[in-house]
Structure formats: structure tokens, C-alpha cells
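Structure data (compact mmCIF, C-alpha atoms) from my_file.txt:
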# COMPACT_ATOMS: atom_id res chain seq x y z
CA MET A 1 -5.64 241.46 128.80
CA SER A 2 -4.36 241.04 132.37
CA ARG A 3 -7.68 239.60 133.62
CA ASP A 4 -8.46 237.44 130.59
CA LEU A 5 -6.91 234.14 131.72
CA ILE A 6 -8.56 234.34 135.13
CA GLU A 7 -11.91 235.17 133.56
CA ALA A 8 -11.59 232.22 131.18
CA TYR A 9 -10.66 229.91 134.06
CA LEU A 10 -13.60 231.14 136.14
CA ASP A 11 -15.89 230.51 133.16
CA GLU A 12 -14.59 226.92 132.99
CA LEU A 13 -15.04 226.57 136.73
CA MET A 14 -18.59 227.89 136.49
CA GLN A 15 -19.36 225.36 133.78
CA ALA A 16 -17.82 222.48 135.74
CA SER A 17 -19.52 223.63 138.97
CA ARG A 18 -22.94 222.81 137.54
CA ARG A 19 -22.32 219.37 139.02
CA LEU A 20 -22.16 220.92 142.50
CA PRO A 21 -25.01 222.12 144.71
CA PRO A 22 -25.67 225.85 144.00
CA ARG A 23 -24.26 227.17 147.27
CA GLU A 24 -21.06 225.13 147.06
CA ALA A 25 -20.64 226.24 143.44
CA ARG A 26 -21.07 229.93 144.29
CA HIS A 27 -18.67 229.75 147.21
CA LEU A 28 -16.01 227.85 145.27
CA ILE A 29 -16.09 230.33 142.39
CA ALA A 30 -15.99 233.34 144.70
CA GLU A 31 -13.07 231.91 146.67
CA ALA A 32 -11.20 230.97 143.51
CA GLU A 33 -11.71 234.43 142.05
CA ALA A 34 -10.41 236.23 145.15
CA HIS A 35 -7.49 233.81 145.43
CA LEU A 36 -6.45 234.10 141.79
CA HIS A 37 -6.52 237.88 141.93
CA ASP A 38 -4.53 237.90 145.18
CA ALA A 39 -1.91 235.56 143.77
CA THR A 40 -1.66 237.51 140.51
CA ASP A 41 -1.39 240.89 142.25
CA ILE A 42 1.39 239.71 144.56
CA ALA A 43 3.32 238.03 141.75
CA THR A 44 2.97 241.13 139.56
CA VAL A 45 4.28 243.38 142.33
CA SER A 46 7.33 241.12 142.62
CA GLY A 47 8.11 241.74 138.96
CA ILE A 48 6.46 238.86 137.10
CA ASP A 49 4.52 239.89 134.03
CA PRO A 50 0.73 239.79 134.53
CA GLU A 51 0.05 237.02 132.04
CA SER A 52 2.65 234.69 133.53
CA ALA A 53 1.41 235.55 137.02
CA GLN A 54 -2.11 234.56 136.03
CA ARG A 55 -0.92 231.40 134.33
CA ASP A 56 1.04 230.34 137.45
CA ALA A 57 -1.89 231.10 139.75
CA ILE A 58 -4.30 229.10 137.58
CA ALA A 59 -1.87 226.19 137.25
CA LYS A 60 -1.79 225.82 141.05
CA PHE A 61 -5.55 225.44 141.10
CA GLY A 62 -5.40 222.64 138.54
CA SER A 63 -8.09 221.98 135.99
CA ALA A 64 -11.61 223.12 136.80
CA ASP A 65 -12.89 219.56 136.33
CA ASP A 66 -10.37 218.13 138.82
CA LEU A 67 -11.18 220.83 141.35
CA VAL A 68 -14.90 220.15 141.08
CA ALA A 69 -14.29 216.38 141.25
CA ARG A 70 -12.39 216.88 144.54
CA GLU A 71 -15.24 219.02 145.84
CA ARG A 72 -17.77 216.39 144.86
CA SER A 73 -15.89 213.59 146.59
CA HIS A 74 -16.66 215.01 150.04
CA LEU A 75 -20.23 215.85 149.07
CA ARG A 76 -21.09 212.19 148.35
CA THR A 77 -23.78 210.93 150.66
CA PRO A 78 -22.36 208.36 153.12
CA LEU A 79 -23.98 204.90 152.88
CA ARG A 80 -25.32 205.15 156.45
CA VAL A 81 -27.08 208.43 155.61
CA LEU A 82 -28.35 207.00 152.32
CA GLY A 83 -29.75 203.97 154.19
CA GLY A 84 -31.63 206.32 156.54
CA GLN A 85 -33.03 208.26 153.58
CA VAL A 86 -34.22 205.06 151.90
CA ILE A 87 -35.94 203.90 155.10
CA ARG A 88 -37.62 207.30 155.62
CA SER A 89 -38.81 207.36 152.01
CA ALA A 90 -40.07 203.79 152.31
CA VAL A 91 -42.07 204.73 155.43
CA VAL A 92 -43.65 207.73 153.67
CA LEU A 93 -44.34 205.84 150.43
CA GLY A 94 -45.73 202.85 152.32
CA SER A 95 -48.00 205.12 154.37
CA VAL A 96 -49.25 206.91 151.26
CA GLY A 97 -49.88 203.53 149.62
CA ALA A 98 -51.84 202.37 152.66
CA ILE A 99 -53.91 205.58 152.60
CA ALA A 100 -54.65 204.94 148.91
CA VAL A 101 -55.84 201.42 149.81
CA GLY A 102 -58.09 202.98 152.47
CA LEU A 103 -59.57 205.39 149.93
CA SER A 104 -60.22 202.51 147.56
CA GLY A 105 -62.17 200.94 150.44
CA LEU A 106 -64.39 204.03 150.52
CA ILE A 107 -64.99 203.77 146.75
CA ALA A 108 -65.74 200.05 147.18
CA ALA A 109 -68.27 201.03 149.88
CA LEU A 110 -69.90 203.35 147.33
CA PHE A 111 -70.08 200.49 144.77
CA ASP A 112 -71.60 198.31 147.50
CA LEU A 113 -74.18 200.99 148.21
CA ILE A 114 -75.09 201.33 144.53
CA GLY A 115 -74.77 197.77 143.23
CA GLY A 116 -75.02 195.70 146.41
CA PRO A 117 -72.35 193.29 147.84
CA GLY A 118 -72.20 191.42 144.52
CA ALA A 119 -70.57 194.47 142.94
CA VAL A 120 -67.68 194.27 145.38
CA ALA A 121 -67.29 190.59 146.31
CA THR A 122 -66.94 187.57 144.05
CA ALA A 123 -69.82 185.08 144.30
CA PRO A 124 -68.94 181.93 146.28
CA THR A 125 -68.44 178.72 144.32
CA PRO A 126 -70.76 175.76 145.13
CA ALA A 127 -67.84 174.04 146.85
CA GLU A 128 -67.55 176.97 149.23
CA LEU A 129 -71.19 176.81 150.24
CA THR A 130 -70.63 174.15 152.92
CA THR A 131 -72.85 173.77 155.97
CA SER A 132 -70.24 175.11 158.36
CA ASN A 133 -69.44 178.11 156.14
CA CYS A 134 -73.13 178.89 155.71
CA ALA A 135 -73.68 178.67 159.46
CA ARG A 136 -70.89 181.19 160.01
CA TRP A 137 -72.14 183.59 157.32
CA LEU A 138 -75.76 183.33 158.43
CA SER A 139 -74.86 183.96 162.07
CA HIS A 140 -75.07 187.70 161.29
CA GLY A 141 -78.67 187.23 160.09
CA GLY A 142 -80.45 186.39 156.82
CA THR A 143 -81.57 183.12 155.28
CA ASP A 144 -79.75 183.00 151.94
CA CYS A 145 -76.27 181.50 152.36
CA ARG A 146 -74.96 182.86 149.04
CA ALA A 147 -76.20 186.39 149.80
CA ALA A 148 -74.77 186.18 153.34
CA ALA A 149 -71.38 185.11 151.93
CA LEU A 150 -71.36 188.00 149.47
CA SER A 151 -72.32 190.40 152.23
CA ASP A 152 -69.56 189.06 154.53
CA TRP A 153 -66.88 189.24 151.85
CA ALA A 154 -67.93 192.69 150.71
CA PHE A 155 -67.82 193.85 154.33
CA GLU A 156 -64.31 192.44 154.75
CA THR A 157 -63.11 193.95 151.46
CA ILE A 158 -64.37 197.39 152.41
CA TRP A 159 -63.48 197.54 156.10
CA TYR A 160 -60.09 195.82 155.91
CA ARG A 161 -59.08 198.39 153.31
CA ILE A 162 -60.42 201.28 155.34
CA ALA A 163 -58.63 199.95 158.43
CA PHE A 164 -55.42 199.70 156.40
CA GLY A 165 -55.91 203.31 155.25
CA VAL A 166 -56.40 204.49 158.84
CA PHE A 167 -53.22 202.62 159.79
CA GLY A 168 -51.38 204.37 156.92
CA ALA A 169 -52.63 207.80 157.99
CA ALA A 170 -51.62 207.09 161.60
CA ALA A 171 -48.17 205.91 160.45
CA LEU A 172 -47.69 209.02 158.31
CA LEU A 173 -48.76 211.38 161.09
CA SER A 174 -46.56 209.56 163.61
CA TYR A 175 -43.61 209.73 161.24
CA ARG A 176 -44.15 213.46 160.63
CA TRP A 177 -44.41 214.09 164.36
CA LEU A 178 -41.31 212.07 165.14
CA ALA A 179 -39.35 213.64 162.25
CA LYS A 180 -40.15 217.12 163.53
CA ARG A 181 -39.42 216.26 167.14
CA ARG A 182 -36.11 214.55 166.42
CA SER A 183 -35.11 216.88 163.55
CA TRP A 184 -34.74 213.97 161.15
CA ARG A 185 -33.49 214.92 157.72
CA GLY A 186 -35.72 214.13 154.77
CA GLY A 187 -35.78 210.96 152.71
CA LEU A 188 -34.68 210.63 149.12
CA SER A 189 -35.24 213.59 146.81
CA PRO A 190 -38.88 214.42 145.93
CA VAL A 191 -38.16 213.58 142.28
CA VAL A 192 -37.06 210.05 143.22
CA ASN A 193 -39.97 209.58 145.66
CA GLU A 194 -42.54 210.77 143.15
CA THR A 195 -41.07 208.69 140.33
CA ILE A 196 -41.24 205.56 142.50
CA ALA A 197 -44.79 206.37 143.65
CA ILE A 198 -46.02 207.07 140.09
CA THR A 199 -44.51 203.79 138.86
CA LEU A 200 -46.12 201.79 141.66
CA PHE A 201 -49.52 203.47 141.33
CA LEU A 202 -49.46 203.01 137.54
CA CYS A 203 -48.62 199.32 137.91
CA ALA A 204 -51.40 198.97 140.48
CA ALA A 205 -53.86 200.79 138.20
CA ILE A 206 -53.02 198.58 135.20
CA TRP A 207 -53.10 195.34 137.20
CA THR A 208 -56.40 196.10 138.98
CA LEU A 209 -57.94 197.31 135.70
CA GLY A 210 -57.04 193.97 134.13
CA MET A 211 -58.48 192.07 137.08
CA GLY A 212 -61.63 194.21 136.96
CA ILE A 213 -62.12 193.58 133.25
CA ASP A 214 -61.54 189.88 133.84
CA ALA A 215 -64.19 189.86 136.60
CA THR A 216 -66.59 191.71 134.30
CA VAL A 217 -66.08 189.28 131.41
CA VAL A 218 -65.72 185.99 133.30
CA SER A 219 -67.98 186.56 136.32
CA ALA A 220 -70.56 188.84 134.70
CA GLY A 221 -69.35 191.78 136.79
CA HIS A 222 -69.41 190.01 140.15
CA GLY A 223 -66.67 191.39 142.35
CA SER A 224 -65.36 193.79 139.71
CA GLY A 225 -65.99 196.71 142.08
CA GLN A 226 -63.20 195.60 144.41
CA TRP A 227 -60.74 195.95 141.49
CA PHE A 228 -62.15 199.04 139.82
CA SER A 229 -62.26 200.93 143.13
CA ALA A 230 -58.51 200.35 143.41
CA THR A 231 -57.97 201.24 139.73
CA LEU A 232 -59.72 204.56 140.24
CA ILE A 233 -57.66 205.57 143.28
CA ALA A 234 -54.36 204.33 141.79
CA ALA A 235 -55.00 206.19 138.52
CA VAL A 236 -55.96 209.42 140.31
CA ALA A 237 -52.93 209.18 142.61
CA ALA A 238 -50.62 208.52 139.65
CA SER A 239 -52.09 211.52 137.76
CA ILE A 240 -51.74 213.91 140.71
CA LEU A 241 -48.17 212.80 141.33
CA ALA A 242 -47.32 212.97 137.61
CA ARG A 243 -48.54 216.56 137.52
CA ARG A 244 -46.48 217.42 140.57
CA LEU A 245 -43.41 215.74 139.12
CA THR A 246 -43.82 217.51 135.77
CA THR A 247 -44.08 220.89 137.51
CA ARG A 248 -41.02 220.05 139.58
CA LEU A 249 -38.96 218.95 136.59
CA ARG A 250 -39.92 221.98 134.52
CA ASP A 251 -38.90 224.37 137.30
CA PRO A 252 -35.22 223.88 138.17
CA ALA A 253 -35.74 225.65 141.49
CA LEU A 254 -38.11 222.88 142.61
CA ALA A 255 -36.23 219.89 141.18
CA MET B 1 8.17 219.15 148.67
CA ARG B 2 4.84 218.73 146.96
CA LEU B 3 1.46 217.60 148.17
CA ASP B 4 2.36 213.90 147.97
CA ALA B 5 4.68 214.33 150.92
CA VAL B 6 1.97 215.73 153.15
CA LYS B 7 -0.74 213.38 151.94
CA GLY B 8 -2.55 211.99 154.97
CA HIS B 9 -1.42 214.93 157.09
CA LEU B 10 -3.08 217.73 155.14
CA ASP B 11 -5.96 217.99 157.61
CA LEU B 12 -3.56 218.26 160.54
CA LEU B 13 -1.58 221.00 158.80
CA LEU B 14 -4.67 223.00 157.85
CA LEU B 15 -6.24 222.71 161.29
CA SER B 16 -2.94 223.65 162.87
CA ILE B 17 -2.55 226.83 160.83
CA ILE B 18 -6.15 227.92 161.29
CA ALA B 19 -5.95 227.17 165.05
CA ARG B 20 -3.60 230.12 165.48
CA GLN B 21 -5.99 232.60 163.92
CA PRO B 22 -8.89 232.54 161.48
CA ALA B 23 -7.60 232.64 157.91
CA HIS B 24 -8.77 232.52 154.31
CA GLY B 25 -7.45 229.99 151.80
CA TYR B 26 -4.77 232.19 150.32
CA ALA B 27 -3.44 233.11 153.77
CA VAL B 28 -3.34 229.43 154.80
CA ILE B 29 -1.21 228.51 151.78
CA ALA B 30 1.06 231.55 152.20
CA GLU B 31 1.50 230.83 155.91
CA MET B 32 2.43 227.22 155.21
CA ARG B 33 5.00 228.27 152.61
CA GLU B 34 6.47 230.88 154.89
CA GLN B 35 6.66 228.69 157.99
CA THR B 36 8.36 225.84 156.18
CA ASP B 37 10.57 228.05 153.99
CA GLY B 38 8.80 226.66 150.96
CA VAL B 39 9.46 223.03 151.88
CA LEU B 40 5.78 222.28 152.14
CA GLU B 41 4.09 223.74 149.10
CA LEU B 42 0.34 223.16 149.17
CA THR B 43 -1.60 223.49 145.96
CA GLU B 44 -4.79 225.46 145.83
CA GLY B 45 -6.54 222.63 144.04
CA ALA B 46 -6.03 220.45 147.11
CA VAL B 47 -6.40 223.04 149.87
CA TYR B 48 -9.83 224.44 149.01
CA PRO B 49 -11.63 221.08 148.70
CA ALA B 50 -9.91 220.02 151.96
CA LEU B 51 -11.08 223.19 153.74
CA HIS B 52 -14.62 222.59 152.49
CA ARG B 53 -14.49 218.96 153.59
CA LEU B 54 -13.28 219.94 157.06
CA GLU B 55 -16.11 222.44 157.25
CA SER B 56 -18.67 219.82 156.21
CA GLN B 57 -17.28 217.58 158.97
CA GLY B 58 -17.90 220.36 161.47
CA LEU B 59 -14.19 220.86 162.24
CA LEU B 60 -14.12 224.31 160.67
CA ASP B 61 -16.58 227.13 160.47
CA SER B 62 -16.51 229.89 157.89
CA GLU B 63 -17.89 233.34 157.26
CA TRP B 64 -17.61 235.77 154.40
CA CYS B 65 -15.95 239.07 155.08
CA SER B 66 -14.22 241.83 153.17
CA VAL B 67 -10.43 241.98 153.41
CA ALA B 68 -8.47 244.57 151.40
CA GLY B 69 -11.52 245.26 149.26
CA ARG B 70 -12.11 241.61 148.32
CA ARG B 71 -14.75 239.23 149.60
CA ARG B 72 -13.05 236.34 151.33
CA ARG B 73 -14.16 233.28 153.18
CA LEU B 74 -12.57 233.26 156.58
CA TYR B 75 -12.16 229.85 158.23
CA ARG B 76 -11.98 229.33 161.96
CA LEU B 77 -11.62 226.24 164.14
CA THR B 78 -14.72 224.88 165.88
CA ALA B 79 -14.66 223.14 169.26
CA SER B 80 -14.75 219.78 167.41
CA GLY B 81 -11.90 220.99 165.21
CA ARG B 82 -9.81 221.88 168.27
CA HIS B 83 -10.49 218.42 169.69
CA ALA B 84 -9.57 216.74 166.39
CA LEU B 85 -6.40 218.82 166.14
CA GLY B 86 -5.31 217.72 169.63
CA ARG B 87 -5.96 214.07 168.76
CA GLU B 88 -4.19 214.18 165.38
CA ASN B 89 -1.30 216.14 166.84
CA ALA B 90 -0.75 213.47 169.52
CA GLU B 91 -0.90 210.72 166.88
CA TRP B 92 1.62 212.56 164.72
CA ILE B 93 4.06 213.06 167.62
CA THR B 94 3.86 209.35 168.45
CA LEU B 95 4.37 208.34 164.81
CA SER B 96 7.17 210.79 164.06
CA SER B 97 9.09 209.96 167.24
CA ALA B 98 8.81 206.25 166.41
CA ILE B 99 10.16 206.85 162.91
CA SER B 100 12.94 209.06 164.28
CA THR B 101 13.97 206.36 166.74
CA VAL B 102 14.27 203.80 163.93
CA LEU B 103 16.22 206.21 161.72
CA ARG B 104 18.59 207.20 164.56
CA SER B 105 19.40 203.57 165.31
CA THR B 106 20.01 202.94 161.60
CA THR B 107 22.35 205.92 161.41
CA ARG B 108 24.31 204.59 164.39
CA ALA B 109 24.50 201.10 162.88
CA VAL B 110 25.50 202.34 159.42
CA PRO B 111 27.79 205.35 160.03
CA ALA B 112 28.25 205.98 156.30
CA LEU B 113 24.64 207.24 156.22
Turn the structure described in the file into C-alpha cells.
Amino acid sequence: MSRDLIEAYLDELMQASRRLPPREARHLIAEAEAHLHDATDIATVSGIDPESAQRDAIAKFGSADDLVARERSHLRTPLRVLGGQVIRSAVVLGSVGAIAVGLSGLIAALFDLIGGPGAVATAPTPAELTTSNCARWLSHGGTDCRAAALSDWAFETIWYRIAFGVFGAAALLSYRWLAKRRSWRGGLSPVVNETIAITLFLCAAIWTLGMGIDATVVSAGHGSGQWFSATLIAAVAASILARRLTTRLRDPALA
Amino acid sequence: MRLDAVKGHLDLLLLSIIARQPAHGYAVIAEMREQTDGVLELTEGAVYPALHRLESQGLLDSEWCSVAGRRRRLYRLTASGRHALGRENAEWITLSSAISTVLRSTTRAVPAL
């Protein structure tokens, strides 16, 4: 009987402590347990009956919810720290996005190899086939202005994307190097990062799929490769991240 | 005198007690009660979160050890904690002497007090 009230209080504290990080929760419960037993033992020795001694000791701790709320108040992330986390996450997510764009450039290059520049670039309109434009496009060689324009645009589509991907990889590597060197803390939690990334990749996949279908229907497939290459990469990236997020959410130790 | 009276000075009191020797939560509360003859009665529900906050601010350090057969978390002052204690102590002395001066002059002006 003499330990019942303390045990019940510790059970309440354990339940309330689920809102604390595991280590803080364990330490708080262990400290509370030792303290309650100390207080009860001393009060009992001085002649107070065990149940009253326990009740007094527990009353001084206050309700488990209030105690945990006080603990949580100093665990809140300061705005300055949160700002740093958001910036670090934005750098990583932006870099990953740029790498994905670069990979879509490689897929577009494959479409170009299989279907020619017309599979990647949209055909120029008659208004765009001006003398000066044709002179610029034909300066790289060839005699057909329309074919030269397609070739130029396909080249730009592919290599600008690849260059952007290289920039993203360089940014990510630089960030990792700097973070290690300067012992920067991480960004937002992986769950938040992955949720944001999945949402963005899914939106990109749906939008580029729509644009690709539009190019297929309206322009008889001309230029659809530039959209579908992005759809493919965005969909694959979203699937990989969704799998990772699912694994993380199903395993509390990883979440 | 309950916690409300020491509100704003709890950190100073905790740092001051732990500065003398490393102590666990129960000992800090008991020491405070004993030193002030029960005038300052700290509640456990306020002391433990405050100790944890001071630790997260780097003013205290803690380690688990066994005392009288029970596992206890022993808190000790860090170098930053010692610095903060000196600063807060000086602020308190300035504030309390200013208040005392005002109260003394009031007592002289209104002898019935």
C-alpha cells in the first residue's frame, strides 16, 4: 500500500512524458521517483503515516501534466535556431531539386539520342524563323533553319539542366563539407524534409506530365521529351522518398 | 513564503546553492528550506524543470550516481554557471540595496511604520 500512490503518480508522469524527448522523459521520471521516495521516507521517520507522506510528496510535485508542460517550455526551439534549421533544410532540398533537374537533363539527352532534337525541343513557329535567328542557329552548321533551331533548343534544354544538376551536386557537397567542418546542427526533422520533398516532386511530376501530354496532343509529340524526362525523375524521386518516409514513420526509432 | 516570492530569482537561488557543492534536486530543496528556516519553500514541480533548463543553458552539468542506494542526478556548476552566478549576484545586491534604501527612508519619514 505504502508505494501505491507514488507508483500511480509515476505512471501518470510516464504517460504525460510521452510529449518529451526520450532521454528527458527517462531522466525526469527517475529523478521524480528517487525524490518521492526520499521525501516519503523522511516524513515517515518523523512520524507521518506513509500514505499522507506520499500524498504530501506528490502534491509538491504538482500534476504530471503541469510538470511536463514546464519541462517542455525550456525545450522549445528558439526562433533563431529554427530559422537556421529552415535555411539548412532549404539548402539541402534546393540542392536535391537541382540534382533532380540535372538527372532529367540526362534522360532528355537519351530522348534526343533516340528520337532526335524534335523529341526534346518544341518546333519553332514561322514567326520565329526570322533571317537573324536562322543565321544564329545555322552558325553551328547545317542548312535547314528549322532543324538547326530544334537542335539548338534541344542542346540548351539538355545542357542547362545538366549544368544545374552539377551546380546542385556541388552545393550539396559544399554544404556537407561546411556542416562537418563547422559542426552545424542538422536542419528540420527528416520527416518534415521528406514530406516537403515528396510534395514538391509530386507536384512537379503531375505538372510536367500534364505539359507532356499537352505537347503530345497539340504538337504531335514535339518537345514532349523535355516534360516527360522531368516527370520520370520527379516520379522516381517522389517514390523513393515516399518509401523512406513510410519506413521512418512505421519505425518509431527512426521517426 | 511560496514560489511566487522568489519568482525571477529562482535561478540565482539554485545556482547559489549548487555553487557550494554538487547536489541533487532533493538536497537543493532541503538546503533551501534549512538555510531560510522554511521561509523560502521551493516546490519540486518548479525546481526540477528549472534545474533542467539551467543545464540546457550550459550553466549546470549533471551526472548520475548512487547515493544511499538510490540513483540520483547530481548537479554541479559549470564555468558559465559560475560566471552567471557572479553576474546575477551583483545585480541582486544592487537591486536589494536600492529597495532597502527606499524602505529605510520611508520608515524614517513615517515612524508609525
Centre and edge lengths, as JSON, for the axis-aligned box enclosing every listed atom of region 95-113 of chain B with 8 Å of padding on each of the six sides, in Å to one decimal?
{"center_x": 16.3, "center_y": 205.9, "center_z": 161.7, "size_x": 39.9, "size_y": 25.7, "size_z": 27.0}
Next item on the list: Give as an MDAnalysis selection string every residue of chain A that touches chain B within 12 Å, counting only C-alpha atoms.
Entry: chainID A and resid 13 23:40 42 56:77
Counting only C-alpha atoms, give me one row per residue of region 18-129 of chain A with an atom at most 12 Å from an atom of region 154-161 of chain A, showing the shortest contact pair and its distance in Å to one decimal, sorted by chain then residue number, as JSON lines.
{"residue": "A:Gly97", "atom": "CA", "partner": "A:Arg161", "partner_atom": "CA", "distance": 11.2}
{"residue": "A:Ala98", "atom": "CA", "partner": "A:Arg161", "partner_atom": "CA", "distance": 8.3}
{"residue": "A:Ile99", "atom": "CA", "partner": "A:Arg161", "partner_atom": "CA", "distance": 8.9}
{"residue": "A:Ala100", "atom": "CA", "partner": "A:Arg161", "partner_atom": "CA", "distance": 9.0}
{"residue": "A:Val101", "atom": "CA", "partner": "A:Arg161", "partner_atom": "CA", "distance": 5.7}
{"residue": "A:Gly102", "atom": "CA", "partner": "A:Arg161", "partner_atom": "CA", "distance": 4.8}
{"residue": "A:Leu103", "atom": "CA", "partner": "A:Arg161", "partner_atom": "CA", "distance": 7.8}
{"residue": "A:Ser104", "atom": "CA", "partner": "A:Arg161", "partner_atom": "CA", "distance": 7.2}
{"residue": "A:Gly105", "atom": "CA", "partner": "A:Ile158", "partner_atom": "CA", "distance": 4.6}
{"residue": "A:Leu106", "atom": "CA", "partner": "A:Ile158", "partner_atom": "CA", "distance": 6.9}
{"residue": "A:Ile107", "atom": "CA", "partner": "A:Ile158", "partner_atom": "CA", "distance": 8.6}
{"residue": "A:Ala108", "atom": "CA", "partner": "A:Ile158", "partner_atom": "CA", "distance": 6.0}
{"residue": "A:Ala109", "atom": "CA", "partner": "A:Ile158", "partner_atom": "CA", "distance": 5.9}
{"residue": "A:Leu110", "atom": "CA", "partner": "A:Ile158", "partner_atom": "CA", "distance": 9.6}
{"residue": "A:Phe111", "atom": "CA", "partner": "A:Ile158", "partner_atom": "CA", "distance": 10.0}
{"residue": "A:Asp112", "atom": "CA", "partner": "A:Ala154", "partner_atom": "CA", "distance": 7.4}
{"residue": "A:Leu113", "atom": "CA", "partner": "A:Ala154", "partner_atom": "CA", "distance": 10.7}
{"residue": "A:Gly115", "atom": "CA", "partner": "A:Ala154", "partner_atom": "CA", "distance": 11.3}
{"residue": "A:Gly116", "atom": "CA", "partner": "A:Ala154", "partner_atom": "CA", "distance": 8.8}
{"residue": "A:Pro117", "atom": "CA", "partner": "A:Ala154", "partner_atom": "CA", "distance": 5.3}
{"residue": "A:Gly118", "atom": "CA", "partner": "A:Ala154", "partner_atom": "CA", "distance": 7.6}
{"residue": "A:Ala119", "atom": "CA", "partner": "A:Ala154", "partner_atom": "CA", "distance": 8.4}
{"residue": "A:Val120", "atom": "CA", "partner": "A:Ala154", "partner_atom": "CA", "distance": 5.6}
{"residue": "A:Ala121", "atom": "CA", "partner": "A:Ala154", "partner_atom": "CA", "distance": 4.9}
{"residue": "A:Thr122", "atom": "CA", "partner": "A:Ala154", "partner_atom": "CA", "distance": 8.5}
{"residue": "A:Ala123", "atom": "CA", "partner": "A:Ala154", "partner_atom": "CA", "distance": 10.1}
{"residue": "A:Pro124", "atom": "CA", "partner": "A:Ala154", "partner_atom": "CA", "distance": 11.7}
So that I can see what lies close to Glu31 (chain B), please list as an mmCIF file with C-alpha atoms, in the frame of the given file the residues with an atom at most 12 Å from it, counting only C-alpha atoms and leaving out residues fewer than 3 positions away in the same chain.
data_model
loop_
_atom_site.group_PDB
_atom_site.id
_atom_site.type_symbol
_atom_site.label_atom_id
_atom_site.label_comp_id
_atom_site.auth_asym_id
_atom_site.auth_seq_id
_atom_site.Cartn_x
_atom_site.Cartn_y
_atom_site.Cartn_z
ATOM 1 C CA LEU B 13 -1.580 221.000 158.800
ATOM 2 C CA LEU B 14 -4.670 223.000 157.850
ATOM 3 C CA SER B 16 -2.940 223.650 162.870
ATOM 4 C CA ILE B 17 -2.550 226.830 160.830
ATOM 5 C CA ILE B 18 -6.150 227.920 161.290
ATOM 6 C CA ARG B 20 -3.600 230.120 165.480
ATOM 7 C CA GLN B 21 -5.990 232.600 163.920
ATOM 8 C CA PRO B 22 -8.890 232.540 161.480
ATOM 9 C CA ALA B 23 -7.600 232.640 157.910
ATOM 10 C CA HIS B 24 -8.770 232.520 154.310
ATOM 11 C CA GLY B 25 -7.450 229.990 151.800
ATOM 12 C CA TYR B 26 -4.770 232.190 150.320
ATOM 13 C CA ALA B 27 -3.440 233.110 153.770
ATOM 14 C CA VAL B 28 -3.340 229.430 154.800
ATOM 15 C CA GLU B 34 6.470 230.880 154.890
ATOM 16 C CA GLN B 35 6.660 228.690 157.990
ATOM 17 C CA THR B 36 8.360 225.840 156.180
ATOM 18 C CA ASP B 37 10.570 228.050 153.990
ATOM 19 C CA GLY B 38 8.800 226.660 150.960
ATOM 20 C CA VAL B 39 9.460 223.030 151.880
ATOM 21 C CA LEU B 40 5.780 222.280 152.140
ATOM 22 C CA GLU B 41 4.090 223.740 149.100
ATOM 23 C CA LEU B 42 0.340 223.160 149.170
#
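Take CA of Trp153 (chain A) and CA of Phe201 (chain A): the distance between them is 24.8 Å.
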Check: Excluding same-chain residues fewer than 3 positions from Gly58 (chain B), what lies within 8 Å of it counting all atoms listed in the file, as a list in words?
Finding: Leu54, Glu55, Asp61, Thr78, Ser80 and Gly81 of chain B
Notebook entry, point to check: Which distance in Å separates CA of Gln54 (chain A) and CA of Asp41 (chain A), to one decimal?
Noted result: 8.9 Å
Margin query: Env of Glu128 (chain A): 12 Å cut, atoms = all atoms listed in the file, seq-sep filter 2 positions within chain, self excluded. Answer as an MDAnalysis selection string.
Written below: chainID A and resid 122:126 130:134 137 145:146 149:150
Notebook entry, point to check: What does the distance from CA of Ala205 (chain A) to CA of Gly223 (chain A) come to in Å, to one decimal?
Noted result: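 If I compute the distance from CA of Ala205 (chain A) to CA of Gly223 (chain A), I get 16.4 Å.
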Next item on the list: List every protein, DNA or RNA residue that has at least one atom no more than 12 Å from (-50.5, 208.5, 148.1) in the file's coordinates, counting all atoms listed in the file, and write the result as JSON, numbers by chain.
Entry: {"A": [91, 92, 93, 94, 95, 96, 97, 98, 99, 100, 101, 102, 103, 104, 165, 168, 169, 172, 193, 194, 196, 197, 198, 199, 200, 201, 202, 233, 234, 235, 236, 237, 238, 239, 240, 241, 242]}
Item checked: Counting all atoms listed in the file, the option among A:Ser46, A:Thr231, A:Ala147, A:Arg88 closest to Leu178 (chain A) ->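 Using all atoms listed in the file, Leu178 (chain A) sits closest to A:Arg88.
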If I only want region 74-83 of chain B, can you write it with N, CA, C and O atoms, as a tab-separated table (two decimals), in the first residue's frame?
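Dumped to decode-v6.tsv:
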chain	number	residue	atom	x	y	z
B	74	LEU	N	23.16	14.23	-9.91
B	74	LEU	CA	23.91	15.22	-9.16
B	74	LEU	C	24.24	16.40	-10.07
B	74	LEU	O	24.82	16.22	-11.13
B	75	TYR	N	23.86	17.60	-9.63
B	75	TYR	CA	24.10	18.80	-10.44
B	75	TYR	C	25.32	19.54	-9.90
B	75	TYR	O	25.51	19.64	-8.68
B	76	ARG	N	26.12	20.04	-10.82
B	76	ARG	CA	27.25	20.87	-10.42
B	76	ARG	C	27.31	22.09	-11.33
B	76	ARG	O	26.80	22.06	-12.45
B	77	LEU	N	27.97	23.15	-10.81
B	77	LEU	CA	28.06	24.40	-11.57
B	77	LEU	C	29.13	24.27	-12.65
B	77	LEU	O	30.21	23.71	-12.40
B	78	THR	N	28.86	24.80	-13.83
B	78	THR	CA	29.89	24.86	-14.87
B	78	THR	C	30.60	26.22	-14.76
B	78	THR	O	30.19	27.07	-13.97
B	79	ALA	N	31.61	26.41	-15.58
B	79	ALA	CA	32.32	27.70	-15.57
B	79	ALA	C	31.35	28.82	-15.97
B	79	ALA	O	31.35	29.90	-15.36
B	80	SER	N	30.48	28.53	-16.97
B	80	SER	CA	29.48	29.54	-17.38
B	80	SER	C	28.51	29.81	-16.24
B	80	SER	O	28.06	30.94	-16.04
B	81	GLY	N	28.16	28.75	-15.51
B	81	GLY	CA	27.25	28.89	-14.38
B	81	GLY	C	27.85	29.78	-13.30
B	81	GLY	O	27.15	30.61	-12.71
B	82	ARG	N	29.15	29.59	-13.05
B	82	ARG	CA	29.84	30.40	-12.03
B	82	ARG	C	29.82	31.87	-12.45
B	82	ARG	O	29.59	32.76	-11.65
B	83	HIS	N	30.05	32.08	-13.73
B	83	HIS	CA	30.06	33.44	-14.28
B	83	HIS	C	28.67	34.07	-14.14
B	83	HIS	O	28.54	35.21	-13.69
